[in-house]
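Asker: Would you mind keeping the following structure in view while I ask a few things?
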Amino acid sequence: MVAKRWLFLTLAILIANPIVGRSEESPDAYIWLDVHTIYNFSDRWRYEGDYGYRPELNGDNAELYVRPAVRYRVNPWFSLHGGIKIEEKTSNEAADTFEIRPWQGFQFHWPEIGGYTLSHYLRVGEYMTWQTQQGGSDFDFFIRARYRLGLKSPNYDILFKDGVYLTGSMEAFADLESPLSDMYINQLRFFAGPGINVSASWRIEVLLGLRQERSSRGVAFSTDEQILRLRIYYTFN
């Protein structure tokens with residue numbers, strides 16, 4: 001068991017390495033407070049809604065959102081996922097915006113070795129954004145794809161029975177351009193941290209993360225945001 005834990009920690013550090021190794025000067029610091037709710041309609045269908053507030057610690061920027069979603073489980077390792085995000089952003093540096101973002105995706109889990117699971121998640125979102133400050137009328141529309149590689153450990157008997165696990169993820173974003181040959185990865189996002197299974201209904205994760213961006217294909221990524229993320233999960237049934 002000790003060897004397996006060290007194996008997971010090594011993989012998690014590799015995934016989250018940019019968090020500690022590529023920080024730039026004075027990146028924005030955010031707290032993400034996210035609440036996830038799950039309701040199972042059947043063995044295959046379930047509702048997965050999340051709602052959150054994400055303020056900037058060293059500035060006046062903030063994001064408030066709701067994101068209802070539905071998941072269809074095709075089999076134990078593959079599922080289809082879709083929903084819509086409604087978001088309002090306030091900023092002291094740019095225009096305040098209101099965004100509606102429908103999205104569609106799929107996820108599969110592979111491989112699973114000794115309780116350590118890799119997950120692969122691909123989704124496409126249609127971004128519709130309006131300026132909301134007085135006098136603003138600009139509208140923007142674009143389509144963005146994202147791929148997330150996730151890693152989750154088995155549960156460890158710490159604090160609670162089967163109570164603690166470790167998780168990490170690396171996510172890449174790309175705007176879908178025309179032609180597709182012009183498409184490039186313009187954003188990376190990394191998270192890693194522990195999770196706690198408080199009960200059959202409640203689960204909590206505390207994650208450290210960063211977001212990196214670049215403006216063109218030939219430019220190096222720079223750290224734009226450092227993030228402390230608190231995720232609270234509640235399953236109704």
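All residue names refer to the structure tokens as shown: chains lettered A, B, ... in order, residues numbered from 1 in each chain, ligands numbered from 1 in order.
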If we count only C-alpha atoms, what is near Tyr47 of chain A at a cut-off of 7 Å, once residues fewer than 3 positions away on the same chain are taken out, given as an NGL selection string?
Answerer: :A and (38-40 or 69-71)
Asker: Got time to write the residues from that selection, N, CA, C and O atoms, as a PDB file, in the first residue's frame?
Answerer:
ATOM      1  N   ILE A  38     -25.783  16.239  -7.109  1.00  0.00           N
ATOM      2  CA  ILE A  38     -25.999  15.069  -7.960  1.00  0.00           C
ATOM      3  C   ILE A  38     -27.315  14.407  -7.564  1.00  0.00           C
ATOM      4  O   ILE A  38     -27.577  14.169  -6.371  1.00  0.00           O
ATOM      5  N   TYR A  39     -28.142  14.138  -8.565  1.00  0.00           N
ATOM      6  CA  TYR A  39     -29.394  13.406  -8.335  1.00  0.00           C
ATOM      7  C   TYR A  39     -29.492  12.310  -9.383  1.00  0.00           C
ATOM      8  O   TYR A  39     -29.480  12.584 -10.588  1.00  0.00           O
ATOM      9  N   ASN A  40     -29.590  11.062  -8.937  1.00  0.00           N
ATOM     10  CA  ASN A  40     -29.656   9.914  -9.837  1.00  0.00           C
ATOM     11  C   ASN A  40     -31.107   9.598 -10.187  1.00  0.00           C
ATOM     12  O   ASN A  40     -31.898   9.238  -9.300  1.00  0.00           O
ATOM     13  N   ALA A  69     -26.466  20.334 -15.584  1.00  0.00           N
ATOM     14  CA  ALA A  69     -25.970  19.377 -16.573  1.00  0.00           C
ATOM     15  C   ALA A  69     -26.631  18.020 -16.353  1.00  0.00           C
ATOM     16  O   ALA A  69     -27.149  17.718 -15.277  1.00  0.00           O
ATOM     17  N   VAL A  70     -26.596  17.200 -17.393  1.00  0.00           N
ATOM     18  CA  VAL A  70     -27.136  15.843 -17.353  1.00  0.00           C
ATOM     19  C   VAL A  70     -26.073  14.897 -17.878  1.00  0.00           C
ATOM     20  O   VAL A  70     -25.371  15.209 -18.848  1.00  0.00           O
ATOM     21  N   ARG A  71     -25.945  13.734 -17.232  1.00  0.00           N
ATOM     22  CA  ARG A  71     -24.999  12.714 -17.666  1.00  0.00           C
ATOM     23  C   ARG A  71     -25.749  11.415 -17.974  1.00  0.00           C
ATOM     24  O   ARG A  71     -26.627  11.005 -17.211  1.00  0.00           O
TER      25      ARG A  71
END
Asker: Quick one, how far is atom CA of Phe141 of chain A from atom CA of Thr129 of chain A?
Answerer: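 Here the two named atoms are 6.5 Å from each other.
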Asker: Please list as a count of residues only every residue within 6 Å of segment 145-157 of chain A, counting only C-alpha atoms and excluding residues in the same chain fewer than 5 positions away.
Answerer: 23
Asker: Work out how far apart atom CA of Arg217 of chain A and atom CA of Phe142 of chain A are and give it in Å to one decimal.
Answerer: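 Value for the atom CA of Arg217 of chain A-atom CA of Phe142 of chain A distance: 18.0 Å.
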Asker: Using only C-alpha atoms for the distances, tell me which of A:Asp175, A:Gly195, A:Asp28, A:Gly209 is nearest to Asn58 of chain A.
Answerer: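 The answer is A:Asp28, which sits nearest to Asn58 of chain A.
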Asker: One decimal, Å: what's the distance from atom CA of Leu210 of chain A over to atom CA of Arg231 of chain A, could you say?
Answerer: 15.6 Å
Asker: Residues of segment 72-157 of chain A in strand (DSSP E) according to DSSP, as a VMD selection string?
Answerer: chain A and resid 72 to 75 78 to 90 97 to 113 116 to 131 139 to 152 156 to 157
Asker: Nearest residue to Asn75 of chain A out of A:Pro55, A:Glu93, A:Phe108, A:Ser222, using only C-alpha atoms?
Answerer: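 Of A:Pro55, A:Glu93, A:Phe108, A:Ser222, the one nearest Asn75 of chain A, counting only C-alpha atoms, is A:Phe108.
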Asker: Compile the contact shell of Ala94 of chain A as a PyMOL selection string: residues with an atom at most 12 Å away, counting only C-alpha atoms, same-chain residues fewer than 3 positions apart removed.
Answerer: chain A and resi 60-62+89-91+97+131-133+136
Asker: Let me see the file: selected residues, all heavy atoms, as a short mmCIF file (atom, residue, chain, number, x, y, z; two decimals), in the first residue's frame.
Answerer:
data_model
loop_
_atom_site.label_atom_id
_atom_site.label_comp_id
_atom_site.auth_asym_id
_atom_site.auth_seq_id
_atom_site.Cartn_x
_atom_site.Cartn_y
_atom_site.Cartn_z
N ASP A 60 -10.53 43.28 -8.04
CA ASP A 60 -11.99 43.40 -7.97
C ASP A 60 -12.71 42.49 -8.96
O ASP A 60 -13.92 42.62 -9.13
CB ASP A 60 -12.40 44.85 -8.23
CG ASP A 60 -11.87 45.80 -7.16
OD1 ASP A 60 -11.78 45.36 -5.99
OD2 ASP A 60 -11.53 46.95 -7.50
N ASN A 61 -12.00 41.59 -9.63
CA ASN A 61 -12.65 40.70 -10.58
C ASN A 61 -13.34 39.56 -9.84
O ASN A 61 -12.85 39.07 -8.81
CB ASN A 61 -11.62 40.12 -11.56
CG ASN A 61 -10.91 41.20 -12.34
OD1 ASN A 61 -11.47 42.25 -12.65
ND2 ASN A 61 -9.64 40.95 -12.67
N ALA A 62 -14.48 39.11 -10.38
CA ALA A 62 -15.22 38.02 -9.77
C ALA A 62 -16.13 37.38 -10.81
O ALA A 62 -16.49 38.00 -11.81
CB ALA A 62 -16.05 38.51 -8.58
N LYS A 89 -19.62 37.99 -15.07
CA LYS A 89 -18.28 38.38 -14.65
C LYS A 89 -18.25 39.89 -14.43
O LYS A 89 -18.74 40.66 -15.25
CB LYS A 89 -17.24 38.01 -15.70
CG LYS A 89 -16.96 36.52 -15.81
CD LYS A 89 -15.86 36.25 -16.82
CE LYS A 89 -15.53 34.77 -16.92
NZ LYS A 89 -14.46 34.51 -17.92
N THR A 90 -17.62 40.29 -13.31
CA THR A 90 -17.38 41.70 -13.05
C THR A 90 -15.87 41.92 -13.01
O THR A 90 -15.11 41.06 -12.57
CB THR A 90 -17.99 42.13 -11.71
OG1 THR A 90 -17.46 41.34 -10.66
CG2 THR A 90 -19.50 41.96 -11.73
N SER A 91 -15.44 43.08 -13.50
CA SER A 91 -14.01 43.34 -13.63
C SER A 91 -13.73 44.83 -13.51
O SER A 91 -14.52 45.66 -13.97
CB SER A 91 -13.50 42.82 -14.99
OG SER A 91 -12.16 43.19 -15.19
N THR A 97 -19.37 41.29 -18.10
CA THR A 97 -19.98 40.47 -19.14
C THR A 97 -21.00 39.50 -18.55
O THR A 97 -20.94 39.12 -17.38
CB THR A 97 -18.93 39.65 -19.91
OG1 THR A 97 -18.23 38.79 -19.00
CG2 THR A 97 -17.94 40.57 -20.61
N GLN A 131 -21.57 42.31 -23.29
CA GLN A 131 -21.17 43.31 -22.31
C GLN A 131 -22.41 43.77 -21.55
O GLN A 131 -23.48 43.93 -22.14
CB GLN A 131 -20.50 44.50 -22.98
CG GLN A 131 -19.13 44.21 -23.55
CD GLN A 131 -18.44 45.47 -24.05
OE1 GLN A 131 -18.89 46.58 -23.78
NE2 GLN A 131 -17.35 45.29 -24.75
N THR A 132 -22.26 44.01 -20.24
CA THR A 132 -23.43 44.36 -19.43
C THR A 132 -23.33 45.73 -18.78
O THR A 132 -24.28 46.17 -18.14
CB THR A 132 -23.64 43.31 -18.32
OG1 THR A 132 -22.46 43.21 -17.53
CG2 THR A 132 -23.97 41.95 -18.91
N GLN A 133 -22.18 46.41 -18.87
CA GLN A 133 -22.10 47.73 -18.25
C GLN A 133 -22.89 48.73 -19.09
O GLN A 133 -23.21 48.51 -20.24
CB GLN A 133 -20.64 48.19 -18.10
CG GLN A 133 -20.00 48.74 -19.36
CD GLN A 133 -19.44 47.64 -20.24
OE1 GLN A 133 -19.88 46.50 -20.17
NE2 GLN A 133 -18.49 48.00 -21.06
N GLY A 136 -22.70 49.47 -23.00
CA GLY A 136 -22.05 48.37 -23.70
C GLY A 136 -23.03 47.56 -24.52
O GLY A 136 -24.13 47.26 -24.06
#
Asker: If we count only C-alpha atoms, what is near Leu33 of chain A at a cut-off of 9 Å, once residues fewer than 3 positions away on the same chain are taken out, given as an NGL selection string?
Answerer: :A and (51-55 or 228-232)
Asker: Would you please work out which residue, of A:Gly105, A:Pro179, A:Pro76, A:Pro68, is nearest to Asp50 of chain A when using only C-alpha atoms?
Answerer: A:Pro68
